[in-house]
$ cat start_21.txt   # compact mmCIF, C-alpha atoms
# COMPACT_ATOMS: atom_id res chain seq x y z
CA MET A 792 19.67 13.04 -13.54
CA ALA A 793 16.47 15.02 -14.04
CA ASP A 794 13.41 13.72 -15.86
CA GLY A 795 11.95 15.36 -18.96
CA ALA A 796 10.07 17.86 -16.82
CA GLY A 797 13.20 18.82 -14.90
CA ARG A 798 12.40 16.88 -11.74
CA PRO A 799 15.67 16.00 -9.98
CA ALA A 800 16.81 12.44 -9.48
CA ALA A 801 16.22 10.84 -6.08
CA PRO A 802 17.99 7.92 -4.38
CA TYR A 803 16.84 4.39 -5.09
CA PHE A 804 18.48 1.46 -3.31
CA ALA A 805 18.79 -1.07 -6.13
CA ASP A 806 21.13 -3.12 -3.91
CA VAL A 807 18.18 -4.28 -1.81
CA ALA A 808 15.35 -4.02 -4.36
CA ASP A 809 16.37 -6.85 -6.70
CA GLY A 810 16.48 -4.64 -9.75
CA PRO A 811 17.07 -1.10 -11.04
CA ALA A 812 14.51 1.69 -11.29
CA ALA A 813 14.43 5.43 -11.90
CA ALA A 814 13.58 7.70 -8.97
CA HIS A 815 12.77 11.42 -8.90
CA TRP A 816 11.76 14.04 -6.40
CA ILE A 817 8.30 15.46 -7.06
CA ALA A 818 6.17 17.85 -5.03
CA ALA A 819 2.56 17.82 -3.87
CA THR A 820 0.56 21.01 -4.24
CA ASP A 821 1.35 21.99 -0.64
CA GLY A 822 5.11 21.72 -1.31
CA VAL A 823 5.73 18.39 0.45
CA ARG A 824 8.61 16.60 -1.27
CA LEU A 825 7.81 13.07 -2.39
CA ARG A 826 9.92 10.32 -3.91
CA ALA A 827 8.44 8.84 -7.09
CA VAL A 828 9.85 5.66 -8.65
CA HIS A 829 9.15 3.96 -11.96
CA TRP A 830 10.32 0.74 -13.56
CA HIS A 831 10.70 0.14 -17.29
CA GLY A 832 10.00 -3.26 -18.77
CA PRO A 833 11.25 -4.53 -22.14
CA GLU A 834 7.74 -3.99 -23.49
CA THR A 835 4.88 -2.18 -21.83
CA LYS A 836 2.03 -3.00 -24.18
CA GLN A 837 -0.38 -3.55 -21.32
CA GLY A 838 -0.13 -0.08 -19.78
CA THR A 839 1.22 1.13 -16.45
CA VAL A 840 0.44 -0.21 -12.99
CA LEU A 841 0.37 2.47 -10.29
CA ILE A 842 1.29 0.73 -7.05
CA LEU A 843 -0.34 2.31 -3.99
CA THR A 844 1.64 1.04 -1.03
CA GLY A 845 0.63 0.39 2.55
CA ARG A 846 1.54 2.16 5.76
CA THR A 847 5.28 1.83 6.56
CA GLU A 848 6.07 0.76 2.98
CA TYR A 849 8.47 2.22 0.41
CA ALA A 850 9.31 1.71 -3.25
CA GLU A 851 12.11 -0.85 -2.85
CA LYS A 852 9.73 -3.31 -1.21
CA TYR A 853 7.96 -3.60 -4.57
CA GLY A 854 11.06 -4.26 -6.66
CA ARG A 855 10.29 -7.94 -7.20
CA ILE A 856 6.63 -7.26 -7.93
CA ALA A 857 7.51 -4.58 -10.50
CA ARG A 858 10.04 -6.93 -12.11
CA ASP A 859 7.43 -9.67 -12.38
CA LEU A 860 4.81 -7.30 -13.79
CA ALA A 861 7.35 -6.06 -16.35
CA ALA A 862 7.72 -9.64 -17.55
CA ARG A 863 3.94 -9.64 -18.08
CA GLY A 864 4.04 -6.49 -20.21
CA PHE A 865 3.35 -3.77 -17.65
CA GLY A 866 5.28 -0.70 -16.63
CA CYS A 867 5.06 0.25 -12.95
CA ALA A 868 5.23 3.43 -10.91
CA THR A 869 4.84 4.23 -7.24
CA LEU A 870 5.73 6.80 -4.64
CA ASP A 871 6.55 6.97 -0.96
CA TRP A 872 3.55 8.59 0.74
CA ARG A 873 4.33 11.65 2.82
CA GLY A 874 5.52 10.59 6.24
CA GLN A 875 7.24 7.39 5.10
CA GLY A 876 10.01 6.03 2.89
CA LEU A 877 12.24 8.83 1.63
CA SER A 878 9.44 11.37 1.26
CA ASP A 879 9.23 14.25 3.72
CA ARG A 880 8.35 13.02 7.19
CA ALA A 881 5.35 14.70 8.78
CA HIS A 882 6.38 14.33 12.44
CA ASP A 883 9.27 15.63 14.52
CA ASP A 884 10.00 11.98 15.35
CA ALA A 885 10.90 10.62 11.91
CA THR A 886 9.99 7.06 12.93
CA ARG A 887 6.40 8.02 13.87
CA GLY A 888 3.75 7.41 11.21
CA HIS A 889 1.77 10.61 10.91
CA VAL A 890 -0.44 12.59 8.55
CA GLU A 891 -2.53 15.69 9.23
CA SER A 892 -5.41 14.45 7.07
CA PHE A 893 -5.98 11.48 4.79
CA ALA A 894 -6.96 14.02 2.13
CA GLU A 895 -3.24 14.81 1.88
CA TYR A 896 -2.64 11.34 0.46
CA GLN A 897 -4.93 12.30 -2.43
CA ASP A 898 -2.64 15.26 -3.12
CA ASP A 899 0.29 12.84 -3.17
CA LEU A 900 -1.48 10.54 -5.63
CA ASP A 901 -2.34 13.47 -7.90
CA ALA A 902 1.34 14.44 -7.91
CA LEU A 903 2.30 10.89 -8.91
CA ILE A 904 -0.22 10.81 -11.75
CA SER A 905 1.05 14.16 -13.05
CA HIS A 906 4.59 12.76 -12.92
CA VAL A 907 3.61 9.58 -14.77
CA GLU A 908 1.88 11.68 -17.43
CA ALA A 909 4.94 13.93 -17.78
CA LEU A 910 7.12 10.85 -18.26
CA GLY A 911 4.80 9.62 -20.99
CA LEU A 912 4.33 6.22 -19.37
CA PRO A 913 1.84 4.19 -21.40
CA ARG A 914 -1.87 4.04 -20.70
CA PRO A 915 -4.13 2.55 -19.58
CA TYR A 916 -3.39 3.08 -15.90
CA HIS A 917 -4.13 0.16 -13.59
CA MET A 918 -4.30 0.45 -9.82
CA LEU A 919 -2.62 -2.13 -7.56
CA ALA A 920 -3.35 -1.04 -4.00
CA HIS A 921 -2.30 -2.75 -0.79
CA SER A 922 -3.54 -2.19 2.78
CA MET A 923 -3.53 1.58 3.50
CA GLY A 924 -3.02 2.09 -0.22
CA GLY A 925 -6.40 0.41 -0.67
CA CYS A 926 -8.04 3.08 1.47
CA ILE A 927 -6.32 5.83 -0.54
CA GLY A 928 -7.15 4.07 -3.80
CA LEU A 929 -10.83 3.64 -3.05
CA ARG A 930 -11.14 7.34 -2.21
CA ALA A 931 -9.36 8.18 -5.48
CA LEU A 932 -11.83 6.09 -7.47
CA THR A 933 -14.80 7.82 -5.84
CA ARG A 934 -13.49 11.16 -7.09
CA GLY A 935 -12.89 9.96 -10.63
CA VAL A 936 -9.11 9.53 -10.84
CA PRO A 937 -8.56 7.94 -14.29
CA PHE A 938 -7.85 4.27 -13.66
CA ALA A 939 -9.06 1.69 -16.15
CA THR A 940 -9.07 -1.16 -13.61
CA ALA A 941 -8.28 -1.67 -9.94
CA CYS A 942 -6.91 -4.53 -7.87
CA PHE A 943 -6.83 -4.44 -4.07
CA THR A 944 -4.87 -6.79 -1.82
CA ALA A 945 -5.96 -6.79 1.83
CA PRO A 946 -7.28 -3.22 1.54
CA MET A 947 -7.60 -1.10 4.67
CA TRP A 948 -11.31 -0.37 4.37
CA GLY A 949 -11.51 -0.81 8.12
CA VAL A 950 -8.94 -1.01 10.93
CA LEU A 951 -9.15 -4.40 12.64
CA MET A 952 -9.84 -4.02 16.36
CA ARG A 953 -11.81 -5.76 19.06
CA PRO A 954 -15.14 -3.93 19.60
CA THR A 955 -14.12 -2.70 23.04
CA LEU A 956 -10.77 -1.45 21.75
CA ARG A 957 -12.48 0.29 18.82
CA VAL A 958 -14.62 2.33 21.22
CA ALA A 959 -11.53 3.20 23.24
CA ALA A 960 -9.57 4.09 20.08
CA TRP A 961 -12.24 6.54 18.94
CA GLY A 962 -12.33 8.16 22.37
CA LEU A 963 -8.59 8.25 22.93
CA SER A 964 -7.68 9.49 19.47
CA SER A 965 -10.33 12.22 19.65
CA ALA A 966 -9.42 13.30 23.18
CA SER A 967 -5.73 13.39 22.35
CA ARG A 968 -6.39 16.19 19.85
CA LEU A 969 -8.06 18.30 22.52
CA VAL A 970 -5.22 17.98 25.02
CA GLY A 971 -2.33 18.26 22.59
CA LEU A 972 -1.22 14.61 22.76
CA SER A 973 -2.19 13.41 19.28
CA HIS A 974 1.50 13.06 18.44
CA LEU A 975 1.84 10.09 20.81
CA PRO A 976 1.98 6.55 19.38
CA SER A 977 -1.23 4.58 19.06
CA PRO A 978 -1.75 2.02 21.83
CA GLY A 979 -1.02 -1.58 20.93
CA ARG A 980 1.19 -0.54 18.01
CA SER A 981 4.95 -0.94 17.75
CA ALA A 982 6.59 2.18 19.16
CA THR A 983 10.10 1.70 17.72
CA LEU A 984 11.59 0.20 14.58
CA GLU A 985 12.88 -2.74 16.62
CA ASP A 986 9.42 -3.33 18.08
CA ALA A 987 7.90 -3.15 14.60
CA ALA A 988 10.26 -5.80 13.25
CA GLU A 989 9.59 -8.12 16.18
CA ALA A 990 5.83 -7.65 15.92
CA ALA A 991 5.82 -8.34 12.19
CA GLU A 992 7.79 -11.54 12.68
CA ALA A 993 5.62 -12.71 15.58
CA ASN A 994 2.40 -12.00 13.72
CA MET A 995 3.56 -13.69 10.53
CA LEU A 996 2.76 -11.31 7.67
CA THR A 997 3.89 -13.79 5.05
CA ARG A 998 4.34 -17.54 4.78
CA ASP A 999 7.72 -17.25 3.09
CA ALA A 1000 10.64 -16.81 5.48
CA GLU A 1001 13.01 -15.71 2.71
CA SER A 1002 10.68 -12.92 1.58
CA PHE A 1003 10.24 -11.71 5.14
CA GLU A 1004 14.00 -11.73 5.64
CA TRP A 1005 14.48 -9.84 2.34
CA VAL A 1006 12.22 -7.02 3.55
CA ARG A 1007 13.89 -7.00 6.96
CA ARG A 1008 17.31 -6.64 5.32
CA GLN A 1009 16.10 -3.66 3.32
CA VAL A 1010 15.41 -1.60 6.43
CA GLU A 1011 18.48 -2.94 8.17
CA ALA A 1012 20.66 -1.76 5.29
CA HIS A 1013 18.80 1.54 4.87
CA PRO A 1014 17.14 2.44 8.19
CA GLU A 1015 15.93 5.75 6.75
CA LEU A 1016 13.25 3.70 4.98
CA GLY A 1017 11.79 2.39 8.23
CA LEU A 1018 8.71 3.48 10.14
CA ALA A 1019 7.30 2.46 13.50
CA ALA A 1020 4.01 3.22 15.25
CA PRO A 1021 1.38 5.55 13.83
CA SER A 1022 0.45 8.57 15.88
CA LEU A 1023 -2.87 8.85 17.65
CA HIS A 1024 -3.71 11.54 15.11
CA TRP A 1025 -3.06 9.12 12.22
CA LEU A 1026 -5.36 6.60 13.91
CA HIS A 1027 -8.07 9.24 14.32
CA GLU A 1028 -7.85 10.17 10.65
CA ALA A 1029 -7.82 6.50 9.56
CA LEU A 1030 -10.95 5.72 11.58
CA HIS A 1031 -12.76 8.74 10.13
CA GLU A 1032 -11.72 8.01 6.54
CA THR A 1033 -12.60 4.31 6.58
CA ARG A 1034 -15.99 5.05 8.16
CA ALA A 1035 -16.70 7.74 5.56
CA LEU A 1036 -15.73 5.42 2.71
CA SER A 1037 -17.97 2.64 4.04
CA ARG A 1038 -21.00 4.87 3.50
CA LEU A 1039 -20.25 5.60 -0.17
CA PRO A 1040 -21.44 3.59 -3.18
CA SER A 1041 -18.93 1.48 -5.08
CA PRO A 1042 -17.17 3.01 -8.10
CA ASP A 1043 -18.11 1.96 -11.62
CA LEU A 1044 -15.01 0.16 -12.93
CA PRO A 1045 -13.67 -3.41 -12.97
CA CYS A 1046 -12.31 -4.40 -9.57
CA LEU A 1047 -10.56 -7.48 -8.20
CA THR A 1048 -9.96 -7.84 -4.47
CA LEU A 1049 -7.79 -10.55 -2.91
CA LEU A 1050 -7.95 -11.34 0.80
CA GLY A 1051 -6.17 -14.03 2.78
CA ASP A 1052 -8.11 -16.25 5.14
CA GLU A 1053 -5.42 -15.63 7.78
CA GLU A 1054 -5.78 -11.83 7.69
CA TRP A 1055 -5.19 -10.07 11.02
CA VAL A 1056 -4.29 -6.47 10.11
CA VAL A 1057 -7.33 -5.07 8.30
CA ASP A 1058 -11.05 -5.59 8.88
CA SER A 1059 -12.15 -8.51 6.68
CA ALA A 1060 -15.84 -7.85 7.40
CA ARG A 1061 -15.58 -4.36 5.89
CA ILE A 1062 -13.94 -5.84 2.78
CA ARG A 1063 -16.63 -8.47 2.37
CA ASN A 1064 -19.32 -5.85 2.79
CA ARG A 1065 -17.80 -3.57 0.16
CA MET A 1066 -17.30 -6.34 -2.37
CA ALA A 1067 -20.87 -7.61 -1.88
CA ARG A 1068 -22.08 -4.24 -3.19
CA TRP A 1069 -19.59 -3.71 -6.02
CA PRO A 1070 -21.41 -4.89 -9.17
CA GLY A 1071 -19.25 -6.64 -11.74
CA SER A 1072 -16.36 -7.06 -9.32
CA ALA A 1073 -14.46 -10.20 -8.30
CA PHE A 1074 -13.65 -11.11 -4.70
CA GLU A 1075 -11.36 -14.03 -4.00
CA MET A 1076 -10.31 -15.54 -0.69
CA ILE A 1077 -6.77 -16.94 -0.67
CA ALA A 1078 -6.41 -20.13 1.34
CA GLY A 1079 -3.47 -19.76 3.69
CA GLY A 1080 -2.99 -16.14 2.65
CA ARG A 1081 -1.75 -13.61 5.17
CA HIS A 1082 -1.62 -9.83 5.01
CA GLU A 1083 1.33 -9.62 2.60
CA LEU A 1084 -0.23 -11.55 -0.27
CA LEU A 1085 2.49 -10.55 -2.79
CA ILE A 1086 5.52 -10.73 -0.48
CA GLU A 1087 5.82 -14.47 -1.00
CA ASP A 1088 7.98 -17.09 -2.70
CA ASP A 1089 8.41 -16.83 -6.48
CA ALA A 1090 5.80 -19.43 -7.36
CA THR A 1091 3.10 -18.09 -5.05
CA ARG A 1092 3.74 -14.47 -6.01
CA GLY A 1093 3.78 -15.45 -9.68
CA ALA A 1094 0.43 -17.24 -9.52
CA ARG A 1095 -1.19 -14.28 -7.79
CA LEU A 1096 0.31 -11.81 -10.25
CA ASP A 1097 -0.95 -13.97 -13.13
CA ARG A 1098 -4.45 -13.54 -11.70
CA ILE A 1099 -3.97 -9.79 -11.30
CA ALA A 1100 -2.53 -9.40 -14.81
CA ALA A 1101 -5.48 -11.28 -16.28
CA HIS A 1102 -7.83 -8.91 -14.49
CA PHE A 1103 -5.98 -5.86 -15.80
CA THR A 1104 -6.15 -7.10 -19.39
CA GLY A 1105 -9.62 -8.65 -19.22
CA SER A 1106 -8.19 -12.05 -20.13
CA ASP A 1107 -9.57 -15.43 -19.18
CA TYR A 1108 -7.84 -16.91 -16.18
CA SER A 1109 -7.94 -20.45 -14.89
CA ALA A 1110 -6.55 -20.60 -11.39
CA ALA A 1111 -3.70 -23.00 -10.83
CA PRO A 1112 -4.18 -25.70 -8.18
CA GLN A 1113 -4.04 -24.18 -4.71
CA LEU A 1114 -0.51 -24.19 -3.37
CA PRO A 1115 -0.19 -26.20 -0.14
CA THR A 1116 -0.03 -24.20 3.05
CA GLU A 1117 2.47 -24.63 5.81
CA GLY A 1118 1.85 -26.11 9.17

$ encode --input "start_21.txt" --output "structure tokens"
Amino acid sequence: MADGAGRPAAPYFADVADGPAAAHWIAATDGVRLRAVHWHGPETKQGTVLILTGRTEYAEKYGRIARDLAARGFGCATLDWRGQGLSDRAHDDATRGHVESFAEYQDDLDALISHVEALGLPRPYHMLAHSMGGCIGLRALTRGVPFATACFTAPMWGVLMRPTLRVAAWGLSSASRLVGLSHLPSPGRSATLEDAAEAAEANMLTRDAESFEWVRRQVEAHPELGLAAPSLHWLHEALHETRALSRLPSPDLPCLTLLGDEEWVVDSARIRNRMARWPGSAFEMIAGGRHELLIEDDATRGARLDRIAAHFTGSDYSAAPQLPTEG
């Protein structure tokens, strides 16, 4: 079924997403085909949340989050970035995370916003950006994309590496371009889907075993959603983009950033630095929080979404008592 602008329907795996949604094929300005997904709530008086997902992610992973936001009065929309999910893959090896330039992600976001506008989804638009989506989202704000508010969870404003490995990563990723090897997987990253699953489990992205298993089952049931290691070229572009963003002033709009104190994927120091120079923003450390701050049990996810919803609406929020951590 096409949308009002004639965009054809795309697959959406409601069987693993814990709820229905509408999906359509849209196109970036360079012709890359992207999958856009939106969720309707019973009432969307609070506007529409545009969910900017992380590397390896896809729309179905946000089914529970969109459902919970709908209960709080928000519509939601997202897309699979080029190179992941069901959008066109940018590498001959479909499991390899790859992009020619991070600027291409801005083209993808522009295509999503045009789609949301064509659908007539209610304003204001709120940004909810996770991990790599936080990098894309920050760049979008610096160029004036029309968001009323922004919330970042564990944003990738820096790639976490040991200092010695960072030097090597810059050298290796740059040299690989010169010798035609930038398609190879980044060192220290999971090279296959099986490796990625094992690494995620070993590194404990979330405290909730059921939520982790739910995400694992999604890719098991629909392996076309999965993604493994990023290419050396992706790493080169990520290092360049995060360094460039670190040198820019903070945008002028309300921002909330949540970061777990057990973060191991993104550079926490870069996040602290950014938030220290974002006037009028709120930065909150989550005790016991890991990288996937919203892929958690119902109560934990609900409390964090209550905080995010209050930020989006400008409401007063009194944090609930800190949930006990495991271990």

$ closest_residue --input "start_21.txt" --among "A:Gly810, A:Gly838, A:Gly888, A:Gly845" --to "Tyr916 in chain A" --atoms "only C-alpha atoms"
A:Gly838

$ closest_residue --input "start_21.txt" --among "A:Cys942, A:Leu1018, A:Ala812, A:Met1066" --to "Gln875 in chain A" --atoms "only C-alpha atoms"
A:Leu1018

$ atom_distance --input "start_21.txt" --atom1 "CA of His882 in chain A" --atom2 "CA of Leu903 in chain A"
22.0 Å

$ closest_residue --input "start_21.txt" --among "A:Ile927, A:Leu1050, A:Leu919, A:Val1056" --to "Leu996 in chain A" --atoms "only C-alpha atoms"
A:Val1056

$ atom_distance --input "start_21.txt" --atom1 "CA of Asp1043 in chain A" --atom2 "CA of Ala862 in chain A"
28.9 Å

$ atom_distance --input "start_21.txt" --atom1 "CA of Arg1081 in chain A" --atom2 "CA of Arg880 in chain A"
28.6 Å

$ closest_residue --input "start_21.txt" --among "A:Arg1092, A:His921, A:Arg1068, A:Arg1034" --to "Asp999 in chain A" --atoms "only C-alpha atoms"
A:Arg1092

$ closest_residue --input "start_21.txt" --among "A:Gly876, A:Phe1003, A:Trp816, A:Ala1100" --to "Ala800 in chain A" --atoms "all atoms listed in the file"
A:Trp816

$ closest_residue --input "start_21.txt" --among "A:Met923, A:Val823, A:Leu860, A:Val950" --to "Glu895 in chain A" --atoms "all atoms listed in the file"
A:Val823

$ residues_around --input "start_21.txt" --residues "range 1082-1086 of chain A" --least-positions-apart "2" --cutoff "10 Å" --atoms "only C-alpha atoms" --output "PyMOL selection string"
chain A and resi 852-853+855-856+921-922+944-946+994-1003+1005-1006+1049-1057+1077+1079-1080+1088-1089+1091-1096

$ residues_around --input "start_21.txt" --residues "Ser892 in chain A" --least-positions-apart "4" --cutoff "9 Å" --atoms "only C-alpha atoms" --output "ChimeraX atom specification"
/A:896,1024-1025,1028-1029
